[in-house]
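Some notes on the structure that comes next.
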Amino acid sequence: MEMRKVAAIHDLSCFGRCSLAVILPVLSVMGVQACPLPGTVLSTHTGGFGPVARTDLTGQVEGTLEHWQRLGLSFDGIYTGYMASVEQIQQAIQAVECLAAPQAQVVVDPVLGDHGKLYSSMTQEMAQAMAQLCTHAHVITPNLTEAAILLGLAPDALLGAKGADVALELSQQGERSVVVTGVTPEEGYTGAAWFDRTTGQAGTTVAVRAPGDYPGTGDLFSAVLTGGLVMGESLERAVGRAAHFISRCASYTAAMGSDVREGVLFEPLLPLLLGDGLAMDDRI
């Protein structure tokens with residue numbers, strides 16, 4: 001059987017574990033061919049390293065999409081993240097429309113903001129365009145801030161929400177699956193509230209919260225989720241695998257005393273994603 005392929009449309013931060021730097025190895029170890037399509041290259045991620053050097057690759061994305069279409073390529077997954085402009089978001093929509101195989105999983109991480117605030121590089125026009133991209137998705141993975149923005153609320157309107165009702169509302173009456181990340185079901189734990197459009201079921205997956213607030217964990221979560229879905233896992237199983245992997249990586253990183261800005265030390269733990277990987281029980 002031909003290896004399954006995912007087109008990963010994200011930025012590339014050259015230092016600091018986030019975006020394509022974590023997505024490519026995660027998908028690869030899960031048995032998926034990861035095909036990167038970077039819209040922006042940054043010297044580091046934007047979380048604490050000072051002013052970054054960046055190169056816009058919008059023209060390269062356009063040329064790549066045209067070339068892939070001429071080759072007749074199709075992908076078992078389209079996974080999108082940070083976009084630097086409305087034009088790049090529109091290119092992501094084009095990729096979904098032209099490159100997704102009939103049974104493809106389209107996963108959109110609507111990177112717009114966090115901690116109750118819109119990111120400084122985001123505009124209202126970009127938020128509206130991102131909402132349009134989300135209508136093309138089979139699964140979206142907003143945090144609570146992004147969920148509020150997508151629902152037309154103030155960015156801080158849902159902070160502290162449990163997430164289950166939010167996931168259902170964002171599903172557009174069951175037309176898409178939703179995973180709301182960063183919910184806090186109880187002290188010392190973190191979780192993801194989800195709604196599965198294929199079964200109509202909903203729930204909250206809970207994992208131990210390690211000390212520290214690490215950049216890139218959203219990318220890592222959605223990468224594991226995407227890999228699981230493309231390999232045929234249920235949404236509940238894929239969410240569980242992703243949540244517990246992040247918890248394990250964060251705990252390991254905290255124990256190692258690594259610089260928080262560099263993200264979680266996921267590389268030594270990648271073997272946990274092989275095969276059935278992380279069982280969702282007390283052995284995690």
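By order in the structure tokens, chains are A, B, ...; within a chain, residues start at 1; ligands start at 1, following the order shown.
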Run DSSP on the backbone and tell me which residues of range 7-249 of chain A come out as strand (DSSP E); list them as a ChimeraX atom specification. /A:7-9,12-13,33-36,40-42,54-56,75-80,100-108,113-114,117-118,139-140,177-183,189-195,202-208
What's around range 44-60 of chain A at 10 Å? Count only C-alpha atoms, leave out sequence neighbours fewer than 2 positions away in its own chain, and write the answer as a PyMOL selection string. chain A and resi 11-19+37-42+62-66+83-85+87-88+91+214-216+260-263
So which residues of range 39-221 of chain A fall under helix (DSSP H, G or I) by DSSP, listed as a PDB file with N, CA, C and O atoms, in the first residue's frame?
ATOM      1  N   THR A  58       5.017  33.680  -0.074  1.00  0.00           N
ATOM      2  CA  THR A  58       3.710  33.573  -0.722  1.00  0.00           C
ATOM      3  C   THR A  58       3.841  33.190  -2.189  1.00  0.00           C
ATOM      4  O   THR A  58       3.096  32.336  -2.691  1.00  0.00           O
ATOM      5  N   GLY A  59       4.781  33.795  -2.891  1.00  0.00           N
ATOM      6  CA  GLY A  59       4.990  33.465  -4.303  1.00  0.00           C
ATOM      7  C   GLY A  59       5.439  32.025  -4.497  1.00  0.00           C
ATOM      8  O   GLY A  59       5.015  31.350  -5.455  1.00  0.00           O
ATOM      9  N   GLN A  60       6.287  31.539  -3.603  1.00  0.00           N
ATOM     10  CA  GLN A  60       6.741  30.152  -3.676  1.00  0.00           C
ATOM     11  C   GLN A  60       5.580  29.188  -3.449  1.00  0.00           C
ATOM     12  O   GLN A  60       5.474  28.155  -4.115  1.00  0.00           O
ATOM     13  N   VAL A  61       4.700  29.518  -2.510  1.00  0.00           N
ATOM     14  CA  VAL A  61       3.527  28.677  -2.255  1.00  0.00           C
ATOM     15  C   VAL A  61       2.665  28.586  -3.516  1.00  0.00           C
ATOM     16  O   VAL A  61       2.220  27.498  -3.909  1.00  0.00           O
ATOM     17  N   GLU A  62       2.440  29.732  -4.155  1.00  0.00           N
ATOM     18  CA  GLU A  62       1.638  29.736  -5.386  1.00  0.00           C
ATOM     19  C   GLU A  62       2.252  28.838  -6.447  1.00  0.00           C
ATOM     20  O   GLU A  62       1.563  28.029  -7.075  1.00  0.00           O
ATOM     21  N   GLY A  63       3.566  28.964  -6.642  1.00  0.00           N
ATOM     22  CA  GLY A  63       4.238  28.140  -7.642  1.00  0.00           C
ATOM     23  C   GLY A  63       4.212  26.664  -7.296  1.00  0.00           C
ATOM     24  O   GLY A  63       4.053  25.808  -8.179  1.00  0.00           O
ATOM     25  N   THR A  64       4.363  26.355  -6.019  1.00  0.00           N
ATOM     26  CA  THR A  64       4.337  24.963  -5.589  1.00  0.00           C
ATOM     27  C   THR A  64       2.967  24.346  -5.814  1.00  0.00           C
ATOM     28  O   THR A  64       2.850  23.211  -6.308  1.00  0.00           O
ATOM     29  N   LEU A  65       1.913  25.078  -5.460  1.00  0.00           N
ATOM     30  CA  LEU A  65       0.563  24.561  -5.675  1.00  0.00           C
ATOM     31  C   LEU A  65       0.305  24.289  -7.154  1.00  0.00           C
ATOM     32  O   LEU A  65      -0.277  23.261  -7.531  1.00  0.00           O
ATOM     33  N   GLU A  66       0.750  25.209  -8.010  1.00  0.00           N
ATOM     34  CA  GLU A  66       0.575  25.021  -9.447  1.00  0.00           C
ATOM     35  C   GLU A  66       1.327  23.788  -9.937  1.00  0.00           C
ATOM     36  O   GLU A  66       0.813  22.995 -10.739  1.00  0.00           O
ATOM     37  N   HIS A  67       2.551  23.612  -9.455  1.00  0.00           N
ATOM     38  CA  HIS A  67       3.358  22.457  -9.859  1.00  0.00           C
ATOM     39  C   HIS A  67       2.727  21.162  -9.386  1.00  0.00           C
ATOM     40  O   HIS A  67       2.625  20.182 -10.147  1.00  0.00           O
ATOM     41  N   TRP A  68       2.285  21.129  -8.135  1.00  0.00           N
ATOM     42  CA  TRP A  68       1.656  19.912  -7.597  1.00  0.00           C
ATOM     43  C   TRP A  68       0.395  19.562  -8.377  1.00  0.00           C
ATOM     44  O   TRP A  68       0.114  18.390  -8.612  1.00  0.00           O
ATOM     45  N   GLN A  69      -0.363  20.581  -8.772  1.00  0.00           N
ATOM     46  CA  GLN A  69      -1.561  20.319  -9.567  1.00  0.00           C
ATOM     47  C   GLN A  69      -1.196  19.754 -10.931  1.00  0.00           C
ATOM     48  O   GLN A  69      -1.859  18.830 -11.420  1.00  0.00           O
ATOM     49  N   ARG A  70      -0.151  20.282 -11.555  1.00  0.00           N
ATOM     50  CA  ARG A  70       0.277  19.744 -12.854  1.00  0.00           C
ATOM     51  C   ARG A  70       0.716  18.291 -12.732  1.00  0.00           C
ATOM     52  O   ARG A  70       0.524  17.494 -13.655  1.00  0.00           O
ATOM     53  N   LEU A  71       1.302  17.943 -11.594  1.00  0.00           N
ATOM     54  CA  LEU A  71       1.739  16.570 -11.366  1.00  0.00           C
ATOM     55  C   LEU A  71       0.577  15.638 -11.025  1.00  0.00           C
ATOM     56  O   LEU A  71       0.750  14.412 -10.986  1.00  0.00           O
ATOM     57  N   VAL A  86      -3.942  37.346   4.391  1.00  0.00           N
ATOM     58  CA  VAL A  86      -5.188  36.859   3.801  1.00  0.00           C
ATOM     59  C   VAL A  86      -4.886  36.048   2.549  1.00  0.00           C
ATOM     60  O   VAL A  86      -5.516  35.008   2.301  1.00  0.00           O
ATOM     61  N   GLU A  87      -3.917  36.494   1.758  1.00  0.00           N
ATOM     62  CA  GLU A  87      -3.566  35.779   0.529  1.00  0.00           C
ATOM     63  C   GLU A  87      -3.111  34.354   0.838  1.00  0.00           C
ATOM     64  O   GLU A  87      -3.487  33.407   0.129  1.00  0.00           O
ATOM     65  N   GLN A  88      -2.327  34.177   1.894  1.00  0.00           N
ATOM     66  CA  GLN A  88      -1.882  32.833   2.236  1.00  0.00           C
ATOM     67  C   GLN A  88      -3.048  31.966   2.698  1.00  0.00           C
ATOM     68  O   GLN A  88      -3.092  30.770   2.393  1.00  0.00           O
ATOM     69  N   ILE A  89      -3.987  32.536   3.407  1.00  0.00           N
ATOM     70  CA  ILE A  89      -5.167  31.778   3.810  1.00  0.00           C
ATOM     71  C   ILE A  89      -5.966  31.340   2.584  1.00  0.00           C
ATOM     72  O   ILE A  89      -6.450  30.204   2.497  1.00  0.00           O
ATOM     73  N   GLN A  90      -6.075  32.223   1.612  1.00  0.00           N
ATOM     74  CA  GLN A  90      -6.767  31.875   0.371  1.00  0.00           C
ATOM     75  C   GLN A  90      -6.030  30.768  -0.381  1.00  0.00           C
ATOM     76  O   GLN A  90      -6.648  29.898  -0.993  1.00  0.00           O
ATOM     77  N   GLN A  91      -4.698  30.782  -0.307  1.00  0.00           N
ATOM     78  CA  GLN A  91      -3.922  29.706  -0.922  1.00  0.00           C
ATOM     79  C   GLN A  91      -4.184  28.373  -0.232  1.00  0.00           C
ATOM     80  O   GLN A  91      -4.249  27.325  -0.884  1.00  0.00           O
ATOM     81  N   ALA A  92      -4.356  28.412   1.088  1.00  0.00           N
ATOM     82  CA  ALA A  92      -4.680  27.186   1.818  1.00  0.00           C
ATOM     83  C   ALA A  92      -6.035  26.637   1.381  1.00  0.00           C
ATOM     84  O   ALA A  92      -6.202  25.415   1.232  1.00  0.00           O
ATOM     85  N   ILE A  93      -7.003  27.524   1.169  1.00  0.00           N
ATOM     86  CA  ILE A  93      -8.306  27.084   0.665  1.00  0.00           C
ATOM     87  C   ILE A  93      -8.150  26.432  -0.705  1.00  0.00           C
ATOM     88  O   ILE A  93      -8.743  25.383  -0.990  1.00  0.00           O
ATOM     89  N   GLN A  94      -7.330  27.045  -1.563  1.00  0.00           N
ATOM     90  CA  GLN A  94      -7.069  26.480  -2.888  1.00  0.00           C
ATOM     91  C   GLN A  94      -6.456  25.094  -2.770  1.00  0.00           C
ATOM     92  O   GLN A  94      -6.825  24.170  -3.513  1.00  0.00           O
ATOM     93  N   ALA A  95      -5.529  24.923  -1.825  1.00  0.00           N
ATOM     94  CA  ALA A  95      -4.895  23.618  -1.643  1.00  0.00           C
ATOM     95  C   ALA A  95      -5.923  22.563  -1.261  1.00  0.00           C
ATOM     96  O   ALA A  95      -5.889  21.437  -1.769  1.00  0.00           O
ATOM     97  N   VAL A  96      -6.838  22.918  -0.371  1.00  0.00           N
ATOM     98  CA  VAL A  96      -7.875  21.968   0.034  1.00  0.00           C
ATOM     99  C   VAL A  96      -8.751  21.598  -1.157  1.00  0.00           C
ATOM    100  O   VAL A  96      -9.058  20.418  -1.384  1.00  0.00           O
ATOM    101  N   GLU A  97      -9.135  22.582  -1.921  1.00  0.00           N
ATOM    102  CA  GLU A  97     -10.048  22.342  -3.043  1.00  0.00           C
ATOM    103  C   GLU A  97      -9.396  21.531  -4.157  1.00  0.00           C
ATOM    104  O   GLU A  97     -10.081  20.745  -4.834  1.00  0.00           O
ATOM    105  N   CYS A  98      -8.092  21.688  -4.354  1.00  0.00           N
ATOM    106  CA  CYS A  98      -7.430  21.088  -5.512  1.00  0.00           C
ATOM    107  C   CYS A  98      -6.591  19.848  -5.208  1.00  0.00           C
ATOM    108  O   CYS A  98      -6.316  19.053  -6.117  1.00  0.00           O
ATOM    109  N   LEU A  99      -6.182  19.682  -3.963  1.00  0.00           N
ATOM    110  CA  LEU A  99      -5.199  18.639  -3.661  1.00  0.00           C
ATOM    111  C   LEU A  99      -5.697  17.556  -2.705  1.00  0.00           C
ATOM    112  O   LEU A  99      -5.015  16.548  -2.530  1.00  0.00           O
ATOM    113  N   GLN A 124      -8.455  41.789  11.670  1.00  0.00           N
ATOM    114  CA  GLN A 124      -9.830  41.310  11.587  1.00  0.00           C
ATOM    115  C   GLN A 124     -10.100  40.659  10.228  1.00  0.00           C
ATOM    116  O   GLN A 124     -10.840  39.671  10.141  1.00  0.00           O
ATOM    117  N   GLU A 125      -9.483  41.196   9.187  1.00  0.00           N
ATOM    118  CA  GLU A 125      -9.647  40.605   7.849  1.00  0.00           C
ATOM    119  C   GLU A 125      -9.084  39.183   7.815  1.00  0.00           C
ATOM    120  O   GLU A 125      -9.674  38.274   7.209  1.00  0.00           O
ATOM    121  N   MET A 126      -7.952  38.990   8.483  1.00  0.00           N
ATOM    122  CA  MET A 126      -7.357  37.657   8.525  1.00  0.00           C
ATOM    123  C   MET A 126      -8.217  36.709   9.353  1.00  0.00           C
ATOM    124  O   MET A 126      -8.364  35.528   9.008  1.00  0.00           O
ATOM    125  N   ALA A 127      -8.788  37.211  10.432  1.00  0.00           N
ATOM    126  CA  ALA A 127      -9.676  36.384  11.242  1.00  0.00           C
ATOM    127  C   ALA A 127     -10.894  35.934  10.436  1.00  0.00           C
ATOM    128  O   ALA A 127     -11.329  34.774  10.522  1.00  0.00           O
ATOM    129  N   GLN A 128     -11.439  36.828   9.630  1.00  0.00           N
ATOM    130  CA  GLN A 128     -12.583  36.480   8.783  1.00  0.00           C
ATOM    131  C   GLN A 128     -12.196  35.452   7.725  1.00  0.00           C
ATOM    132  O   GLN A 128     -12.939  34.504   7.452  1.00  0.00           O
ATOM    133  N   ALA A 129     -10.993  35.626   7.154  1.00  0.00           N
ATOM    134  CA  ALA A 129     -10.517  34.676   6.150  1.00  0.00           C
ATOM    135  C   ALA A 129     -10.266  33.308   6.777  1.00  0.00           C
ATOM    136  O   ALA A 129     -10.553  32.262   6.177  1.00  0.00           O
ATOM    137  N   MET A 130      -9.741  33.312   8.005  1.00  0.00           N
ATOM    138  CA  MET A 130      -9.500  32.044   8.701  1.00  0.00           C
ATOM    139  C   MET A 130     -10.808  31.326   8.985  1.00  0.00           C
ATOM    140  O   MET A 130     -10.895  30.093   8.884  1.00  0.00           O
ATOM    141  N   ALA A 131     -11.828  32.073   9.342  1.00  0.00           N
ATOM    142  CA  ALA A 131     -13.146  31.476   9.557  1.00  0.00           C
ATOM    143  C   ALA A 131     -13.653  30.818   8.271  1.00  0.00           C
ATOM    144  O   ALA A 131     -14.275  29.743   8.308  1.00  0.00           O
ATOM    145  N   GLN A 132     -13.368  31.437   7.136  1.00  0.00           N
ATOM    146  CA  GLN A 132     -13.758  30.859   5.855  1.00  0.00           C
ATOM    147  C   GLN A 132     -12.985  29.574   5.582  1.00  0.00           C
ATOM    148  O   GLN A 132     -13.551  28.572   5.118  1.00  0.00           O
ATOM    149  N   LEU A 133     -11.676  29.574   5.893  1.00  0.00           N
ATOM    150  CA  LEU A 133     -10.878  28.351   5.736  1.00  0.00           C
ATOM    151  C   LEU A 133     -11.447  27.235   6.597  1.00  0.00           C
ATOM    152  O   LEU A 133     -11.499  26.073   6.178  1.00  0.00           O
ATOM    153  N   CYS A 134     -11.893  27.569   7.792  1.00  0.00           N
ATOM    154  CA  CYS A 134     -12.442  26.557   8.695  1.00  0.00           C
ATOM    155  C   CYS A 134     -13.679  25.870   8.123  1.00  0.00           C
ATOM    156  O   CYS A 134     -13.956  24.715   8.461  1.00  0.00           O
ATOM    157  N   LEU A 144      -9.193  28.286  23.282  1.00  0.00           N
ATOM    158  CA  LEU A 144     -10.394  29.008  23.711  1.00  0.00           C
ATOM    159  C   LEU A 144     -10.443  30.429  23.171  1.00  0.00           C
ATOM    160  O   LEU A 144     -11.529  30.957  22.875  1.00  0.00           O
ATOM    161  N   THR A 145      -9.280  31.067  23.034  1.00  0.00           N
ATOM    162  CA  THR A 145      -9.247  32.413  22.449  1.00  0.00           C
ATOM    163  C   THR A 145      -9.687  32.374  20.997  1.00  0.00           C
ATOM    164  O   THR A 145     -10.523  33.182  20.551  1.00  0.00           O
ATOM    165  N   GLU A 146      -9.138  31.436  20.244  1.00  0.00           N
ATOM    166  CA  GLU A 146      -9.478  31.316  18.827  1.00  0.00           C
ATOM    167  C   GLU A 146     -10.926  30.886  18.639  1.00  0.00           C
ATOM    168  O   GLU A 146     -11.603  31.346  17.696  1.00  0.00           O
ATOM    169  N   ALA A 147     -11.422  30.045  19.534  1.00  0.00           N
ATOM    170  CA  ALA A 147     -12.828  29.651  19.462  1.00  0.00           C
ATOM    171  C   ALA A 147     -13.732  30.867  19.613  1.00  0.00           C
ATOM    172  O   ALA A 147     -14.725  31.027  18.878  1.00  0.00           O
ATOM    173  N   ALA A 148     -13.390  31.741  20.553  1.00  0.00           N
ATOM    174  CA  ALA A 148     -14.195  32.951  20.748  1.00  0.00           C
ATOM    175  C   ALA A 148     -14.181  33.819  19.495  1.00  0.00           C
ATOM    176  O   ALA A 148     -15.222  34.325  19.054  1.00  0.00           O
ATOM    177  N   ILE A 149     -13.009  33.997  18.906  1.00  0.00           N
ATOM    178  CA  ILE A 149     -12.886  34.828  17.705  1.00  0.00           C
ATOM    179  C   ILE A 149     -13.716  34.240  16.568  1.00  0.00           C
ATOM    180  O   ILE A 149     -14.430  34.961  15.863  1.00  0.00           O
ATOM    181  N   LEU A 150     -13.636  32.924  16.377  1.00  0.00           N
ATOM    182  CA  LEU A 150     -14.393  32.280  15.310  1.00  0.00           C
ATOM    183  C   LEU A 150     -15.900  32.390  15.517  1.00  0.00           C
ATOM    184  O   LEU A 150     -16.670  32.387  14.553  1.00  0.00           O
ATOM    185  N   ALA A 164     -16.924  21.890  26.158  1.00  0.00           N
ATOM    186  CA  ALA A 164     -17.807  20.948  25.468  1.00  0.00           C
ATOM    187  C   ALA A 164     -18.876  21.676  24.654  1.00  0.00           C
ATOM    188  O   ALA A 164     -19.115  21.351  23.482  1.00  0.00           O
ATOM    189  N   ASP A 165     -19.530  22.655  25.267  1.00  0.00           N
ATOM    190  CA  ASP A 165     -20.553  23.413  24.543  1.00  0.00           C
ATOM    191  C   ASP A 165     -19.932  24.230  23.417  1.00  0.00           C
ATOM    192  O   ASP A 165     -20.540  24.401  22.354  1.00  0.00           O
ATOM    193  N   VAL A 166     -18.721  24.720  23.639  1.00  0.00           N
ATOM    194  CA  VAL A 166     -18.026  25.497  22.611  1.00  0.00           C
ATOM    195  C   VAL A 166     -17.745  24.628  21.399  1.00  0.00           C
ATOM    196  O   VAL A 166     -17.954  25.044  20.249  1.00  0.00           O
ATOM    197  N   ALA A 167     -17.266  23.407  21.634  1.00  0.00           N
ATOM    198  CA  ALA A 167     -16.974  22.498  20.528  1.00  0.00           C
ATOM    199  C   ALA A 167     -18.220  22.210  19.709  1.00  0.00           C
ATOM    200  O   ALA A 167     -18.191  22.206  18.473  1.00  0.00           O
ATOM    201  N   LEU A 168     -19.327  21.981  20.390  1.00  0.00           N
ATOM    202  CA  LEU A 168     -20.575  21.687  19.682  1.00  0.00           C
ATOM    203  C   LEU A 168     -21.022  22.881  18.852  1.00  0.00           C
ATOM    204  O   LEU A 168     -21.440  22.734  17.690  1.00  0.00           O
ATOM    205  N   GLU A 169     -20.915  24.088  19.405  1.00  0.00           N
ATOM    206  CA  GLU A 169     -21.340  25.278  18.670  1.00  0.00           C
ATOM    207  C   GLU A 169     -20.455  25.505  17.448  1.00  0.00           C
ATOM    208  O   GLU A 169     -20.943  25.881  16.373  1.00  0.00           O
ATOM    209  N   LEU A 170     -19.160  25.280  17.588  1.00  0.00           N
ATOM    210  CA  LEU A 170     -18.241  25.471  16.472  1.00  0.00           C
ATOM    211  C   LEU A 170     -18.388  24.408  15.388  1.00  0.00           C
ATOM    212  O   LEU A 170     -17.875  24.572  14.285  1.00  0.00           O
ATOM    213  N   THR A 217       3.388  23.789  21.653  1.00  0.00           N
ATOM    214  CA  THR A 217       2.642  22.594  22.045  1.00  0.00           C
ATOM    215  C   THR A 217       1.351  22.434  21.235  1.00  0.00           C
ATOM    216  O   THR A 217       0.905  21.309  20.996  1.00  0.00           O
ATOM    217  N   GLY A 218       0.776  23.555  20.798  1.00  0.00           N
ATOM    218  CA  GLY A 218      -0.407  23.455  19.943  1.00  0.00           C
ATOM    219  C   GLY A 218      -0.086  22.799  18.613  1.00  0.00           C
ATOM    220  O   GLY A 218      -0.854  21.962  18.111  1.00  0.00           O
ATOM    221  N   ASP A 219       1.063  23.152  18.034  1.00  0.00           N
ATOM    222  CA  ASP A 219       1.493  22.523  16.786  1.00  0.00           C
ATOM    223  C   ASP A 219       1.750  21.036  16.996  1.00  0.00           C
ATOM    224  O   ASP A 219       1.384  20.197  16.162  1.00  0.00           O
ATOM    225  N   LEU A 220       2.393  20.709  18.107  1.00  0.00           N
ATOM    226  CA  LEU A 220       2.699  19.321  18.411  1.00  0.00           C
ATOM    227  C   LEU A 220       1.410  18.518  18.597  1.00  0.00           C
ATOM    228  O   LEU A 220       1.266  17.408  18.077  1.00  0.00           O
ATOM    229  N   PHE A 221       0.462  19.088  19.334  1.00  0.00           N
ATOM    230  CA  PHE A 221      -0.824  18.427  19.548  1.00  0.00           C
ATOM    231  C   PHE A 221      -1.524  18.147  18.220  1.00  0.00           C
ATOM    232  O   PHE A 221      -1.959  17.017  17.947  1.00  0.00           O
TER     233      PHE A 221
END
Would you pick out the contacts of Gly228 in chain A at 10 Å or less, using only C-alpha atoms, so that residues sharing its chain but fewer than 3 positions from it are not included, and give the list as a PyMOL selection string? chain A and resi 27+30-32+222-225+231-235+237-239+241-242+273+276
Keeping C-alpha atoms for every residue in the selection just given, could you write it to a file as a short mmCIF file (atom, residue, chain, number, x, y, z; two decimals), in the first residue's frame?
data_model
loop_
_atom_site.label_atom_id
_atom_site.label_comp_id
_atom_site.auth_asym_id
_atom_site.auth_seq_id
_atom_site.Cartn_x
_atom_site.Cartn_y
_atom_site.Cartn_z
CA LEU A 27 4.15 12.83 11.07
CA MET A 30 3.74 8.01 12.72
CA GLY A 31 4.20 6.52 9.26
CA VAL A 32 3.00 9.47 7.19
CA SER A 222 -2.40 19.01 16.14
CA ALA A 223 0.41 17.15 14.36
CA VAL A 224 -0.16 14.02 16.47
CA LEU A 225 -3.92 14.42 15.99
CA MET A 231 -3.81 6.59 9.81
CA GLY A 232 -7.44 5.74 10.52
CA GLU A 233 -7.84 6.42 14.24
CA SER A 234 -11.09 7.71 15.69
CA LEU A 235 -11.17 11.33 16.78
CA ARG A 237 -8.38 8.02 20.14
CA ALA A 238 -6.32 10.61 18.22
CA VAL A 239 -7.15 13.35 20.76
CA ARG A 241 -2.87 10.14 21.98
CA ALA A 242 -2.06 13.81 21.32
CA LEU A 273 4.14 7.46 18.86
CA ASP A 276 -0.43 1.91 19.17
#
Which distance in Å separates CA of Arg4 in chain A and CA of Leu112 in chain A, to one decimal?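 Pair CA of Arg4 in chain A / CA of Leu112 in chain A returns 28.8 Å.
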Point out the residue among A:Gly227, A:Gly240, A:Gly257, A:Gly77 with the least atom-to-atom distance to Ser28 in chain A, counting only C-alpha atoms.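 Closest to Ser28 in chain A of all the choices is A:Gly227.
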Between CA of Gly113 in chain A and CA of Cys35 in chain A, distance in Å (one decimal): 25.7 Å
Using only C-alpha atoms, which residue out of A:Ala101, A:Leu274, A:Leu159, A:Ala137 lies closest to Val6 in chain A?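 Going through A:Ala101, A:Leu274, A:Leu159, A:Ala137 one by one, the smallest distance to Val6 in chain A is for A:Ala101.
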